[in-house]
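Asks: Pasting work.txt below, which is compact mmCIF, C-alpha atoms and all ligand atoms.
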# COMPACT_ATOMS: atom_id res chain seq x y z
CA MET A 1 6.66 54.78 13.07
CA GLU A 2 3.72 52.47 12.27
CA SER A 3 5.35 49.72 10.27
CA SER A 4 6.13 46.46 12.09
CA GLU A 5 8.58 45.55 9.34
CA THR A 6 12.11 45.13 10.69
CA PRO A 7 15.07 46.32 8.60
CA LYS A 8 17.65 43.64 7.88
CA GLN A 9 20.91 43.14 9.74
CA GLU A 10 24.00 44.19 7.79
CA TRP A 11 27.09 42.12 8.63
CA LYS A 12 30.47 43.86 8.46
CA ALA A 13 33.49 41.66 9.07
CA ASP A 14 35.64 44.35 10.75
CA ASN A 15 32.88 45.39 13.17
CA TYR A 16 32.15 41.74 13.96
CA ALA A 17 35.79 41.04 14.72
CA ARG A 18 36.00 44.11 17.02
CA HIS A 19 32.79 43.75 19.04
CA ALA A 20 32.06 40.03 18.76
CA HIS A 21 35.30 38.06 18.64
CA PHE A 22 33.98 36.31 21.78
CA VAL A 23 31.37 34.54 19.61
CA PRO A 24 33.76 32.12 17.85
CA ALA A 25 36.11 32.16 20.87
CA LEU A 26 33.32 30.67 23.00
CA GLY A 27 32.61 28.02 20.35
CA ALA A 28 35.04 25.49 21.87
CA PRO A 29 32.38 23.31 23.58
CA VAL A 30 30.26 22.93 20.46
CA LEU A 31 33.39 22.22 18.40
CA GLU A 32 34.23 19.51 20.92
CA LEU A 33 30.72 18.10 20.50
CA LEU A 34 31.25 18.06 16.72
CA ALA A 35 34.59 16.22 17.13
CA PRO A 36 35.63 16.62 13.47
CA ARG A 37 37.75 13.77 12.09
CA PRO A 38 40.35 13.81 9.32
CA GLY A 39 38.82 13.08 5.94
CA GLU A 40 35.28 14.04 6.91
CA ARG A 41 33.31 16.48 4.75
CA ILE A 42 31.65 19.11 6.94
CA LEU A 43 29.33 22.03 6.21
CA ASP A 44 29.61 25.12 8.48
CA LEU A 45 26.24 26.86 8.29
CA GLY A 46 26.35 30.61 8.99
CA CYS A 47 30.16 30.43 9.04
CA GLY A 48 30.65 34.20 9.34
CA ASP A 49 34.27 35.26 8.85
CA GLY A 50 35.44 31.64 9.16
CA VAL A 51 37.27 31.61 12.52
CA LEU A 52 35.65 28.29 13.55
CA THR A 53 35.52 26.96 9.98
CA GLU A 54 39.30 27.24 9.99
CA LYS A 55 39.49 25.21 13.22
CA ILE A 56 37.37 22.43 11.69
CA ALA A 57 39.69 22.40 8.66
CA ALA A 58 42.71 22.26 10.99
CA ALA A 59 41.32 18.99 12.39
CA GLY A 60 41.81 17.47 8.93
CA ALA A 61 38.22 17.72 7.68
CA THR A 62 37.24 19.21 4.33
CA VAL A 63 34.97 22.12 5.17
CA VAL A 64 32.54 24.17 3.13
CA GLY A 65 31.32 27.35 4.81
CA VAL A 66 28.08 29.05 3.80
CA ASP A 67 26.72 32.38 4.97
CA ALA A 68 24.14 34.85 3.68
CA ALA A 69 26.45 37.86 4.07
CA PRO A 70 28.84 38.50 1.16
CA GLU A 71 31.18 40.57 3.40
CA MET A 72 31.56 37.74 5.89
CA ILE A 73 32.12 35.22 3.10
CA ALA A 74 34.81 37.46 1.61
CA ALA A 75 36.56 37.46 5.02
CA ALA A 76 36.29 33.65 5.22
CA GLN A 77 37.66 33.29 1.68
CA ALA A 78 40.58 35.53 2.65
CA ARG A 79 41.55 32.76 5.12
CA GLY A 80 41.78 30.39 2.16
CA LEU A 81 38.52 28.62 3.00
CA ASP A 82 35.93 27.20 0.59
CA ALA A 83 33.19 29.66 1.56
CA ARG A 84 30.07 30.43 -0.44
CA VAL A 85 27.27 32.97 -0.20
CA CYS A 86 24.06 31.06 0.48
CA ALA A 87 21.05 31.57 2.74
CA GLY A 88 20.47 28.86 5.32
CA GLU A 89 16.87 28.61 4.16
CA LYS A 90 18.02 27.70 0.63
CA LEU A 91 20.65 25.00 1.10
CA ALA A 92 20.91 22.98 -2.11
CA PHE A 93 23.30 20.19 -1.07
CA ALA A 94 22.24 16.56 -1.35
CA SER A 95 23.64 13.68 0.74
CA GLU A 96 27.21 14.96 0.66
CA PHE A 97 28.25 15.85 4.21
CA ASP A 98 29.25 13.72 7.19
CA ALA A 99 28.25 16.57 9.48
CA VAL A 100 26.62 19.99 9.47
CA PHE A 101 27.95 22.40 12.09
CA SER A 102 26.59 25.79 13.13
CA ASN A 103 27.60 28.29 15.81
CA ALA A 104 25.62 31.39 16.77
CA ALA A 105 23.80 31.57 13.44
CA LEU A 106 20.57 29.54 13.55
CA HIS A 107 18.77 32.11 15.73
CA TRP A 108 19.20 34.66 12.92
CA MET A 109 17.26 32.36 10.56
CA LYS A 110 13.99 33.30 12.18
CA SER A 111 11.59 33.38 9.26
CA ALA A 112 11.77 29.70 8.30
CA PRO A 113 13.52 27.45 10.85
CA ASP A 114 11.92 24.31 9.41
CA ALA A 115 13.23 25.08 5.92
CA VAL A 116 16.73 25.43 7.43
CA ILE A 117 16.47 22.10 9.27
CA ALA A 118 15.09 20.36 6.16
CA GLY A 119 18.00 21.69 4.07
CA VAL A 120 20.48 20.46 6.68
CA LYS A 121 18.87 17.01 6.66
CA ARG A 122 19.06 16.83 2.83
CA ALA A 123 22.72 17.90 2.90
CA LEU A 124 23.71 15.01 5.21
CA LYS A 125 24.67 11.50 4.22
CA PRO A 126 22.68 8.77 6.01
CA GLY A 127 24.03 8.59 9.56
CA GLY A 128 25.40 12.15 9.30
CA ARG A 129 25.25 14.45 12.32
CA PHE A 130 23.92 17.97 12.92
CA VAL A 131 25.80 19.69 15.74
CA ALA A 132 25.03 23.27 16.65
CA GLU A 133 24.78 26.00 19.21
CA MET A 134 22.42 28.97 18.95
CA GLY A 135 20.65 31.43 21.20
CA GLY A 136 18.04 29.63 23.31
CA HIS A 137 14.86 30.58 25.15
CA GLY A 138 15.44 33.64 27.38
CA CYS A 139 18.69 34.66 25.65
CA VAL A 140 19.55 38.37 26.09
CA ALA A 141 16.14 38.87 27.74
CA ALA A 142 17.13 41.99 29.69
CA ILE A 143 18.68 43.51 26.57
CA ILE A 144 15.56 42.82 24.52
CA VAL A 145 13.24 44.32 27.14
CA SER A 146 15.40 47.42 27.32
CA ILE A 147 15.52 47.89 23.54
CA VAL A 148 11.77 47.41 23.22
CA ALA A 149 11.14 49.96 26.03
CA THR A 150 13.38 52.50 24.27
CA LEU A 151 11.73 52.00 20.88
CA GLU A 152 8.19 52.11 22.22
CA ARG A 153 8.90 55.27 24.21
CA ARG A 154 10.05 56.78 20.91
CA GLY A 155 6.83 55.83 19.10
CA VAL A 156 7.79 52.56 17.37
CA THR A 157 4.73 50.34 17.57
CA GLY A 158 5.00 46.56 17.74
CA ALA A 159 8.71 46.69 18.54
CA ALA A 160 8.63 43.31 20.33
CA ALA A 161 7.22 41.63 17.23
CA GLY A 162 10.19 42.97 15.27
CA ILE A 163 12.84 41.15 17.32
CA PRO A 164 15.06 39.56 14.68
CA TRP A 165 16.06 36.49 16.71
CA TYR A 166 14.50 33.07 17.17
CA PHE A 167 15.42 31.72 20.63
CA PRO A 168 13.66 28.37 20.92
CA THR A 169 13.03 26.15 23.92
CA VAL A 170 14.40 22.60 24.09
CA ASN A 171 10.93 21.17 23.41
CA ASP A 172 10.31 23.42 20.41
CA TYR A 173 13.62 22.72 18.68
CA ARG A 174 13.61 19.00 19.51
CA ALA A 175 10.13 18.70 17.96
CA ARG A 176 11.30 20.49 14.79
CA LEU A 177 14.38 18.25 14.48
CA GLU A 178 12.30 15.10 14.97
CA ALA A 179 9.61 16.26 12.52
CA ALA A 180 12.38 16.60 9.90
CA GLY A 181 13.47 13.02 10.55
CA PHE A 182 16.42 13.60 12.93
CA ARG A 183 17.11 11.53 16.04
CA VAL A 184 18.17 13.84 18.85
CA ASP A 185 21.19 12.56 20.81
CA TYR A 186 21.58 15.58 23.11
CA ILE A 187 19.92 18.96 23.53
CA GLU A 188 20.33 21.41 26.40
CA LEU A 189 19.76 25.05 27.33
CA ILE A 190 22.92 26.51 28.86
CA PRO A 191 22.96 29.85 30.71
CA ARG A 192 26.23 31.57 29.71
CA PRO A 193 26.75 35.06 31.16
CA THR A 194 29.12 36.52 28.58
CA PRO A 195 31.63 39.31 29.28
CA LEU A 196 31.49 41.77 26.38
CA PRO A 197 34.88 42.67 24.89
CA THR A 198 33.99 46.33 24.31
CA ASN A 199 30.80 47.63 25.91
CA MET A 200 27.02 47.52 25.66
CA ALA A 201 26.83 50.37 23.12
CA GLY A 202 29.12 48.37 20.81
CA TRP A 203 26.99 45.26 21.25
CA LEU A 204 23.77 47.21 20.54
CA GLU A 205 25.27 48.90 17.48
CA LEU A 206 26.30 45.54 16.04
CA PHE A 207 23.51 43.14 16.99
CA GLY A 208 20.64 45.55 17.67
CA GLN A 209 21.04 47.27 14.32
CA PRO A 210 17.82 45.91 12.71
CA LEU A 211 15.85 47.21 15.71
CA PHE A 212 17.44 50.65 16.07
CA ASN A 213 17.23 51.13 12.30
CA ARG A 214 13.49 51.50 12.75
CA LEU A 215 14.22 54.96 14.13
CA PRO A 216 15.29 57.95 12.02
CA PRO A 217 19.14 58.05 11.76
CA SER A 218 19.28 61.26 13.84
CA GLU A 219 17.70 59.46 16.85
CA ARG A 220 19.69 56.21 16.84
CA GLN A 221 22.70 57.22 18.97
CA ASP A 222 20.43 58.75 21.66
CA ALA A 223 18.26 55.63 21.63
CA ILE A 224 21.31 53.42 22.11
CA ALA A 225 22.51 55.61 24.99
CA GLU A 226 19.06 55.41 26.62
CA THR A 227 19.08 51.60 26.31
CA VAL A 228 22.57 51.42 27.82
CA GLU A 229 21.49 53.55 30.80
CA ARG A 230 18.51 51.26 31.47
CA LEU A 231 20.74 48.18 31.39
CA LYS A 232 23.53 49.58 33.58
CA PRO A 233 22.07 48.49 36.95
CA VAL A 234 21.67 44.87 35.81
CA LEU A 235 24.46 44.09 33.31
CA CYS A 236 27.32 46.44 34.24
CA ASP A 237 29.43 45.64 37.29
CA GLU A 238 31.12 48.01 39.75
CA THR A 239 34.27 48.12 37.61
CA GLY A 240 32.36 49.13 34.48
CA ARG A 241 32.53 45.69 32.84
CA TRP A 242 29.49 44.58 30.84
CA THR A 243 28.13 41.04 30.77
CA GLY A 244 25.55 39.86 28.24
CA ASP A 245 22.73 37.66 29.62
CA TYR A 246 23.26 34.89 27.09
CA ILE A 247 21.52 31.51 27.12
CA ARG A 248 22.62 28.96 24.52
CA LEU A 249 20.79 26.00 23.03
CA ARG A 250 23.33 23.28 22.20
CA PHE A 251 22.40 20.05 20.46
CA LYS A 252 23.59 17.02 18.55
CA ALA A 253 21.25 15.06 16.30
CA HIS A 254 21.77 12.51 13.55
CA ALA A 255 20.06 11.45 10.36
CA PRO A 256 19.09 7.77 10.59
C1 LIG B 1 26.97 35.82 15.08
S1 LIG B 1 27.51 35.38 13.48
C2 LIG B 1 28.27 33.80 13.76
C3 LIG B 1 29.35 33.50 12.76
C4 LIG B 1 30.21 32.27 13.05
N1 LIG B 1 29.46 31.04 12.99
C5 LIG B 1 30.94 32.41 14.39
O1 LIG B 1 30.79 31.54 15.25
O2 LIG B 1 31.67 33.41 14.53
C6 LIG B 1 26.01 34.95 12.64
C7 LIG B 1 26.19 34.68 11.17
O3 LIG B 1 24.96 34.17 10.65
C8 LIG B 1 24.82 34.66 9.33
N2 LIG B 1 23.41 34.58 8.93
C9 LIG B 1 22.38 35.29 9.42
N3 LIG B 1 21.24 34.95 8.79
C10 LIG B 1 21.57 33.99 7.90
C11 LIG B 1 20.83 33.21 6.96
N4 LIG B 1 19.51 33.38 6.82
N5 LIG B 1 21.48 32.31 6.20
C12 LIG B 1 22.83 32.14 6.34
N6 LIG B 1 23.58 32.84 7.21
C13 LIG B 1 22.96 33.75 7.98
C14 LIG B 1 25.33 36.08 9.41
O4 LIG B 1 25.65 36.59 8.13
C15 LIG B 1 26.52 35.92 10.35
O5 LIG B 1 27.71 35.74 9.63
Output the structure of this file as structure tokens.
Replies:
Amino acid sequence: MESSETPKQEWKADNYARHAHFVPALGAPVLELLAPRPGERILDLGCGDGVLTEKIAAAGATVVGVDAAPEMIAAAQARGLDARVCAGEKLAFASEFDAVFSNAALHWMKSAPDAVIAGVKRALKPGGRFVAEMGGHGCVAAIIVSIVATLERRGVTGAAAGIPWYFPTVNDYRARLEAAGFRVDYIELIPRPTPLPTNMAGWLELFGQPLFNRLPPSERQDAIAETVERLKPVLCDETGRWTGDYIRLRFKAHAP
């Protein structure tokens, strides 16, 4: 396959809940950093199926969740949340939120990170805060190398360029926040080896979908199995438990 174009990720709420319930479950530290207060108006950017959005609402804040995936928004709405389909690159709110929160979503907004940050800044009231966690530099490095090796062996050219995630360094993301007018209060890269609730094949089927979809459908299951085999010596322990080599970028910034 010659094209370097990467097919888009499709988000399915049931698959997400099965293979990735650890994502919101591990959101406690960033929620703590947000410290939502009763009466605040908070935007949850890339809210997914609304597990964390619901926790912010439970703290007494009024929350609006936005996400680009209609299926995920439907799942969030089913929890009774104010959730709306909207791409992070096209936020159209103006000076209405005390805080913008985001967990595990900003690294999917790879094509235009500055447009996302600018939209967040516009959405905040003066003094409002932007608190988020996303994949950071080096996140799932072994997994990426293994996927790229599988795809290239099967004739996909430029597979590395098609990686759908943006995993920035501290310096990169701090510079982008400051260029948009934010003051950065805290920013850190945090290695977080993450036990996978199912297995590596489940993780690859869910999150690696845009990459494996570059292969003909008949080859995808074999390609996933090949990738799993390559990762076994480094990410699977002696009891058969898989751990993802996650690194998070967590930060808190405010609009002056
Ligand atoms: C790993 S999930 C995280 C969901 C939720 N924040 C959580 O902690 O469970 C990533 C979410 O980002 C959303 N997303 C990806 N690209 C997006 C974009 N460009 N604009 C808005 N949401 C996006 C996906 O639809 C998905 O629901």
Asks: Kindly provide, as a ChimeraX atom specification, the polymer residues lying within 9 Å of (10.9, 16.0, 9.9), counting all atoms listed in the file and using the coordinates exactly as they appear in the file.
Replies: /A:114,117-118,121,175-182
Asks: Please produce a file of the residues just selected, as an mmCIF file, in the frame of the given file, where the atoms kept are C-alpha atoms.
Replies:
data_model
loop_
_atom_site.group_PDB
_atom_site.id
_atom_site.type_symbol
_atom_site.label_atom_id
_atom_site.label_comp_id
_atom_site.auth_asym_id
_atom_site.auth_seq_id
_atom_site.Cartn_x
_atom_site.Cartn_y
_atom_site.Cartn_z
ATOM 1 C CA ASP A 114 11.920 24.310 9.410
ATOM 2 C CA ILE A 117 16.470 22.100 9.270
ATOM 3 C CA ALA A 118 15.090 20.360 6.160
ATOM 4 C CA LYS A 121 18.870 17.010 6.660
ATOM 5 C CA ALA A 175 10.130 18.700 17.960
ATOM 6 C CA ARG A 176 11.300 20.490 14.790
ATOM 7 C CA LEU A 177 14.380 18.250 14.480
ATOM 8 C CA GLU A 178 12.300 15.100 14.970
ATOM 9 C CA ALA A 179 9.610 16.260 12.520
ATOM 10 C CA ALA A 180 12.380 16.600 9.900
ATOM 11 C CA GLY A 181 13.470 13.020 10.550
ATOM 12 C CA PHE A 182 16.420 13.600 12.930
#
Asks: Can you measure atom CA of A:Val228 to atom CA of A:Arg214 for me? One decimal in Å is fine.
Replies: 17.6 Å
Asks: Taking only C-alpha atoms and all ligand atoms into account, which residues have an atom no farther than 9 Å from ligand LIG 1 (chain B)? I'd like them as a count of residues only.
Replies: 54
Asks: What's the separation between atom CA of A:Trp203 and atom CA of A:Thr243, in Å to one decimal place?
Replies: 10.5 Å
Asks: Using only C-alpha atoms, can you tell me which of A:Pro36, A:Gly240, A:Pro164, A:Gly158 comes closest to A:Phe130?
Replies: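 Selected residue with least distance to A:Phe130: A:Pro36.
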Asks: Which residue gives the smallest distance to A:Ile144 among A:Trp165, A:Tyr173, A:Phe93, A:Phe251, with only C-alpha atoms counted?
Replies: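 Ranking A:Trp165, A:Tyr173, A:Phe93, A:Phe251 by distance to A:Ile144, first place goes to A:Trp165.
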Asks: With a distance cut-off of 7 Å and all atoms listed in the file, select the neighbouring residues of A:Arg37, excluding the residue or stretch itself and same-chain residues fewer than 3 positions from it, and output the selection as a list in words.
Replies: Glu40, Ala59, Gly60 and Ala61 of chain A
Asks: Got a sec to check which residues sit within 9 Å of (27.2, 16.5, 12.2), counting all atoms listed in the file, and write them as a PyMOL selection string?
Replies: chain A and resi 34-36+42-43+97-101+124+127-132+252-255
Asks: Would you fill the gaps in stretch 199-217 of chain A so it has N, CA and C atoms, then print it as a compact mmCIF listing (two decimals), keeping the file's coordinate frame?
Replies:
# COMPACT_ATOMS: atom_id res chain seq x y z
N ASN A 199 31.79 47.15 24.94
CA ASN A 199 30.80 47.63 25.91
C ASN A 199 29.40 47.40 25.35
N MET A 200 28.40 47.80 26.10
CA MET A 200 27.02 47.52 25.66
C MET A 200 26.65 48.34 24.42
N ALA A 201 27.16 49.57 24.31
CA ALA A 201 26.83 50.37 23.12
C ALA A 201 27.35 49.66 21.88
N GLY A 202 28.56 49.10 21.95
CA GLY A 202 29.12 48.37 20.81
C GLY A 202 28.28 47.16 20.45
N TRP A 203 27.84 46.44 21.48
CA TRP A 203 26.99 45.26 21.25
C TRP A 203 25.68 45.69 20.57
N LEU A 204 25.07 46.76 21.09
CA LEU A 204 23.77 47.21 20.54
C LEU A 204 23.94 47.70 19.10
N GLU A 205 25.05 48.41 18.85
CA GLU A 205 25.27 48.90 17.48
C GLU A 205 25.41 47.76 16.50
N LEU A 206 26.08 46.67 16.94
CA LEU A 206 26.30 45.54 16.04
C LEU A 206 25.05 44.67 15.92
N PHE A 207 24.58 44.15 17.06
CA PHE A 207 23.51 43.14 16.99
C PHE A 207 22.10 43.74 17.04
N GLY A 208 21.96 44.94 17.56
CA GLY A 208 20.64 45.55 17.67
C GLY A 208 20.28 46.40 16.46
N GLN A 209 21.20 46.39 15.49
CA GLN A 209 21.04 47.27 14.32
C GLN A 209 19.66 47.17 13.64
N PRO A 210 19.12 45.95 13.39
CA PRO A 210 17.82 45.91 12.71
C PRO A 210 16.73 46.57 13.53
N LEU A 211 16.88 46.59 14.87
CA LEU A 211 15.85 47.21 15.71
C LEU A 211 16.01 48.72 15.74
N PHE A 212 17.23 49.19 16.00
CA PHE A 212 17.44 50.65 16.07
C PHE A 212 17.25 51.32 14.70
N ASN A 213 17.43 50.55 13.63
CA ASN A 213 17.23 51.13 12.30
C ASN A 213 15.77 51.46 12.00
N ARG A 214 14.88 51.09 12.92
CA ARG A 214 13.49 51.50 12.75
C ARG A 214 13.27 52.96 13.17
N LEU A 215 14.30 53.53 13.76
CA LEU A 215 14.22 54.96 14.13
C LEU A 215 14.90 55.79 13.05
N PRO A 216 14.56 57.08 12.94
CA PRO A 216 15.29 57.95 12.02
C PRO A 216 16.77 57.99 12.42
N PRO A 217 17.71 58.07 11.45
CA PRO A 217 19.14 58.05 11.76
C PRO A 217 19.53 59.05 12.85
